[in-house]
Amino acid sequence: MTGAKTKEDLLKKLKELGIDFMENQNMSSYSSIKTGGKADLILFPRNEAELGLIIKLTEGVISECFRYVVGGGTNMLFKEERIWVPVISFKKFDSSVLDVSDDYQNYKKCGDKVLKFGAGINLSKILNYSMKHNLSGCEFFYGIPGTLGGAVKMNAGSKESSVGNIVEAIDIFDLNGSKRTVEKKDMNFSYRSLNINGIKDNYCITSVHLKLKESSKAEIAENIKIFKERKSVQPLGEFSLGCIFKNPEGFSAGKIIEEIGFKGVSFGGASVSQKHANFIINKGGAKPSDIIFLIDNIREKALESRGIKLDTEIKIV
Ligand SMILES: Cc1cc2nc3c(=O)[nH]c(=O)nc-3n(C[C@H](O)[C@H](O)[C@H](O)COP(=O)(O)OP(=O)(O)OC[C@H]3O[C@@H](n4cnc5c(N)ncnc54)[C@H](O)[C@@H]3O)c2cc1C
């Protein structure tokens with residue numbers, strides 16, 4: 001399979017191969033803050049084989065396409081500008097679960113299980129699965145929306161734990177459409193980020209091996225309590241992207257935003273949440289530029305009045 005030469009050629013090949021796509025889509029439907037510009041074309045691979053074909057078909061623009069890989073879109077803000085390269089959505093991607101503990105004999109002896117999940121599975125489904133099968137280790141997924149692929153890329157989590165602590169290996173596709181397994185030793189997880197040795201940001205995660213521990217329902221329910229409490233102070237019923245800024249070393253970004261007077265401040269349809277100042281919510285009709293305006297102003301004020309540089313946790317593309 002060689003790359004498509006024109007858009008018409010690409011659409012023709014996608015149809016022949018039975019790969020789902022949609023044209024002229026509003027990215028607001030693909031981001032949990034419910035705003036964004038338009039995308040010319042969105043592709044919906046269902047499995048590794050289809051993703052591999054897509055990478056080959058889009059070979060001239062694939063490094064650009066990788067900027068617009070979207071899982072649940074719960075941490076992505078799409079700007080107003082039209083996206084001309086194909087967006088790759090994991091909405092319909094594999095969400096299977098497979099017990100691969102036999103490949104990890106040393107863990108098996110200690111009562112641990114290693115499960116392989118398709119990257120399209122939602123964290124809430126993994127948590128439900130682990131509760132049903134008495135497996136502990138991913139209780140911190142409670143209340144975090146989105147897919148496992150996105151969570152690994154973001155090293156999603158909380159103070160207590162993050163995805164990097166339970167990942168054993170991931171399967172990825174690189175820019176050339178080559179598939180490979182990356183083991184824990186080659187993954188550098190840090191605060192809300194993952195760097196893979198030898199690869200920049202140019203890869204798609206297709207499946208993830210998670211290590212979980214055999215436990216009891218009572219213990220799992222007890223472990224979840226702290227995350228339930230934490231989530232009760234977040235505006236979960238509103239359209240948002242979770243925390244906008246990373247917590248600077250030794251500080252809480254939410255507290256800083258409150259102290260510099262931005263709690264409840266609105267611009268256009270966007271507003272800094274009254275419930276949790278590190279959340280910006282779409283009250284209705286917010287434009288991406290309204291959100292970016294608030295972000296820029298908060299950053300400026302934090303630097304000017306507190307000497308603190310706030311970095312965004314969300315991805316603005
Ligand atoms: C209400 C709310 C609460 C939240 N609470 C938390 C929290 O407690 N802790 C926390 O850490 N986060 C939290 N978040 C942020 C977000 O849910 C997590 O970062 C989540 O893991 C992102 O997953 P996603 O599938 O939505 O990723 P997306 O937002 O779709 O993408 C995030 C990044 O990952 C990339 N990506 C997505 N899928 C893949 C893939 N398969 N391969 C390669 N790259 C990929 C995207 O290109 C993008 O750069 C919250 C968000 C909301 C809206």
# chains A, B, ... in the order shown; residues from 1 in each chain; ligands from 1
>>> residues_near_ligand(ligand="ligand 1", cutoff="8 Å", atoms="only C-alpha atoms and all ligand atoms", output="ChimeraX atom specification")
/A:31-33,66-76,89-90,119-120,122-123,140-158,162,172,192,203-207,231,234-243,314-315
>>> select_by_dssp(residues="region 106-300 of chain A", states="alpha helix (DSSP H)", output="ChimeraX atom specification")
/A:106-109,123-132,148-154,217-231,253-259,288-300
>>> residues_around(residues="Gly307 (chain A)", least_positions_apart="4", cutoff="12 Å", atoms="only C-alpha atoms", output="ChimeraX atom specification")
/A:248,256,260,299-303
>>> residues_around(residues="Met22 (chain A)", least_positions_apart="5", cutoff="12 Å", atoms="only C-alpha atoms", output="compact mmCIF listing (two decimals) with C-alpha atoms, in the first residue's frame")
# COMPACT_ATOMS: atom_id res chain seq x y z
CA LEU A 11 -11.24 8.74 0.24
CA LEU A 14 -10.52 4.31 2.57
CA LYS A 15 -13.86 3.22 1.07
CA MET A 27 -14.09 19.26 16.65
CA LYS A 38 -13.57 22.20 11.97
CA ALA A 39 -11.61 19.24 10.67
CA ASP A 40 -11.56 18.42 7.00
CA LEU A 41 -11.46 14.68 7.61
CA ILE A 42 -11.55 12.36 10.63
CA LEU A 43 -10.50 8.73 10.39
CA PHE A 44 -11.77 6.04 12.77
CA PRO A 45 -9.48 2.99 12.74
CA PRO A 86 -6.64 13.91 8.65
CA VAL A 87 -7.44 13.63 12.36
CA ILE A 88 -7.09 10.10 13.77
CA SER A 89 -9.81 9.31 16.32
>>> closest_residue(among="A:Phe279, A:Phe245, A:Tyr191, A:Trp84", to="Leu310 (chain A)", atoms="only C-alpha atoms")
A:Phe245
>>> atom_distance(atom1="CA of Ile166 (chain A)", atom2="CA of Lys113 (chain A)")
10.8 Å
>>> residues_around(residues="Asn188 (chain A)", least_positions_apart="4", cutoff="10 Å", atoms="only C-alpha atoms", output="list in words")
Asn155, Gly164, Lys184, Ser193, Leu194, Asn195, Ile196 and Asn197 of chain A
>>> residues_around(residues="Gly284 (chain A)", least_positions_apart="3", cutoff="10 Å", atoms="only C-alpha atoms", output="ChimeraX atom specification")
/A:33-35,239,268-271,281,287
>>> write_last_selection(atoms="C-alpha atoms", output="short mmCIF file (atom, residue, chain, number, x, y, z; two decimals), in the first residue's frame")
data_model
loop_
_atom_site.label_atom_id
_atom_site.label_comp_id
_atom_site.auth_asym_id
_atom_site.auth_seq_id
_atom_site.Cartn_x
_atom_site.Cartn_y
_atom_site.Cartn_z
CA ILE A 33 -15.06 21.12 26.58
CA LYS A 34 -17.39 21.08 23.57
CA THR A 35 -15.74 23.69 21.41
CA PHE A 239 -17.99 20.83 30.05
CA GLY A 268 -17.03 35.11 26.33
CA GLY A 269 -18.61 31.72 27.00
CA ALA A 270 -15.71 30.47 29.13
CA SER A 271 -15.44 30.75 32.87
CA ILE A 281 -15.71 25.50 31.93
CA LYS A 287 -14.94 29.75 21.60
#
>>> decode(residues="region 97-117 of chain A", atoms="N, CA and C atoms", output="PDB file, in the first residue's frame")
ATOM      1  N   VAL A  97      -9.851  -6.822  26.211  1.00  0.00           N
ATOM      2  CA  VAL A  97      -9.046  -7.138  27.407  1.00  0.00           C
ATOM      3  C   VAL A  97      -8.534  -8.567  27.256  1.00  0.00           C
ATOM      4  N   LEU A  98      -7.247  -8.755  27.496  1.00  0.00           N
ATOM      5  CA  LEU A  98      -6.652 -10.090  27.360  1.00  0.00           C
ATOM      6  C   LEU A  98      -5.708 -10.329  28.542  1.00  0.00           C
ATOM      7  N   ASP A  99      -5.828 -11.485  29.181  1.00  0.00           N
ATOM      8  CA  ASP A  99      -4.922 -11.814  30.292  1.00  0.00           C
ATOM      9  C   ASP A  99      -3.607 -12.326  29.702  1.00  0.00           C
ATOM     10  N   VAL A 100      -2.521 -11.582  29.908  1.00  0.00           N
ATOM     11  CA  VAL A 100      -1.220 -12.005  29.358  1.00  0.00           C
ATOM     12  C   VAL A 100      -0.243 -12.352  30.491  1.00  0.00           C
ATOM     13  N   SER A 101      -0.805 -12.726  31.645  1.00  0.00           N
ATOM     14  CA  SER A 101       0.034 -13.011  32.827  1.00  0.00           C
ATOM     15  C   SER A 101       1.070 -14.098  32.545  1.00  0.00           C
ATOM     16  N   ASP A 102       0.739 -15.033  31.652  1.00  0.00           N
ATOM     17  CA  ASP A 102       1.693 -16.108  31.351  1.00  0.00           C
ATOM     18  C   ASP A 102       3.006 -15.572  30.780  1.00  0.00           C
ATOM     19  N   ASP A 103       2.958 -14.385  30.178  1.00  0.00           N
ATOM     20  CA  ASP A 103       4.189 -13.785  29.639  1.00  0.00           C
ATOM     21  C   ASP A 103       5.013 -13.117  30.744  1.00  0.00           C
ATOM     22  N   TYR A 104       4.463 -13.065  31.941  1.00  0.00           N
ATOM     23  CA  TYR A 104       5.145 -12.376  33.056  1.00  0.00           C
ATOM     24  C   TYR A 104       5.185 -13.324  34.259  1.00  0.00           C
ATOM     25  N   GLN A 105       5.914 -14.431  34.118  1.00  0.00           N
ATOM     26  CA  GLN A 105       5.913 -15.487  35.145  1.00  0.00           C
ATOM     27  C   GLN A 105       6.343 -14.969  36.521  1.00  0.00           C
ATOM     28  N   ASN A 106       7.325 -14.042  36.560  1.00  0.00           N
ATOM     29  CA  ASN A 106       7.806 -13.558  37.864  1.00  0.00           C
ATOM     30  C   ASN A 106       6.710 -12.838  38.647  1.00  0.00           C
ATOM     31  N   TYR A 107       5.815 -12.144  37.944  1.00  0.00           N
ATOM     32  CA  TYR A 107       4.710 -11.465  38.625  1.00  0.00           C
ATOM     33  C   TYR A 107       3.649 -12.470  39.044  1.00  0.00           C
ATOM     34  N   LYS A 108       3.432 -13.440  38.169  1.00  0.00           N
ATOM     35  CA  LYS A 108       2.372 -14.418  38.406  1.00  0.00           C
ATOM     36  C   LYS A 108       2.585 -15.112  39.755  1.00  0.00           C
ATOM     37  N   LYS A 109       3.864 -15.387  40.048  1.00  0.00           N
ATOM     38  CA  LYS A 109       4.207 -16.068  41.306  1.00  0.00           C
ATOM     39  C   LYS A 109       3.771 -15.237  42.509  1.00  0.00           C
ATOM     40  N   CYS A 110       3.781 -13.894  42.365  1.00  0.00           N
ATOM     41  CA  CYS A 110       3.430 -13.017  43.504  1.00  0.00           C
ATOM     42  C   CYS A 110       1.943 -12.685  43.525  1.00  0.00           C
ATOM     43  N   GLY A 111       1.142 -13.326  42.693  1.00  0.00           N
ATOM     44  CA  GLY A 111      -0.307 -13.054  42.688  1.00  0.00           C
ATOM     45  C   GLY A 111      -0.670 -11.810  41.903  1.00  0.00           C
ATOM     46  N   ASP A 112       0.231 -11.329  41.048  1.00  0.00           N
ATOM     47  CA  ASP A 112      -0.105 -10.176  40.207  1.00  0.00           C
ATOM     48  C   ASP A 112      -0.614 -10.671  38.861  1.00  0.00           C
ATOM     49  N   LYS A 113      -1.391  -9.835  38.220  1.00  0.00           N
ATOM     50  CA  LYS A 113      -1.887 -10.175  36.884  1.00  0.00           C
ATOM     51  C   LYS A 113      -1.449  -9.091  35.917  1.00  0.00           C
ATOM     52  N   VAL A 114      -1.116  -9.491  34.702  1.00  0.00           N
ATOM     53  CA  VAL A 114      -0.855  -8.478  33.677  1.00  0.00           C
ATOM     54  C   VAL A 114      -1.926  -8.644  32.598  1.00  0.00           C
ATOM     55  N   LEU A 115      -2.628  -7.545  32.342  1.00  0.00           N
ATOM     56  CA  LEU A 115      -3.710  -7.563  31.355  1.00  0.00           C
ATOM     57  C   LEU A 115      -3.356  -6.637  30.209  1.00  0.00           C
ATOM     58  N   LYS A 116      -3.702  -7.103  28.998  1.00  0.00           N
ATOM     59  CA  LYS A 116      -3.432  -6.279  27.812  1.00  0.00           C
ATOM     60  C   LYS A 116      -4.755  -5.662  27.371  1.00  0.00           C
ATOM     61  N   PHE A 117      -4.804  -4.330  27.332  1.00  0.00           N
ATOM     62  CA  PHE A 117      -6.022  -3.624  26.947  1.00  0.00           C
ATOM     63  C   PHE A 117      -5.816  -2.916  25.607  1.00  0.00           C
TER      64      PHE A 117
END
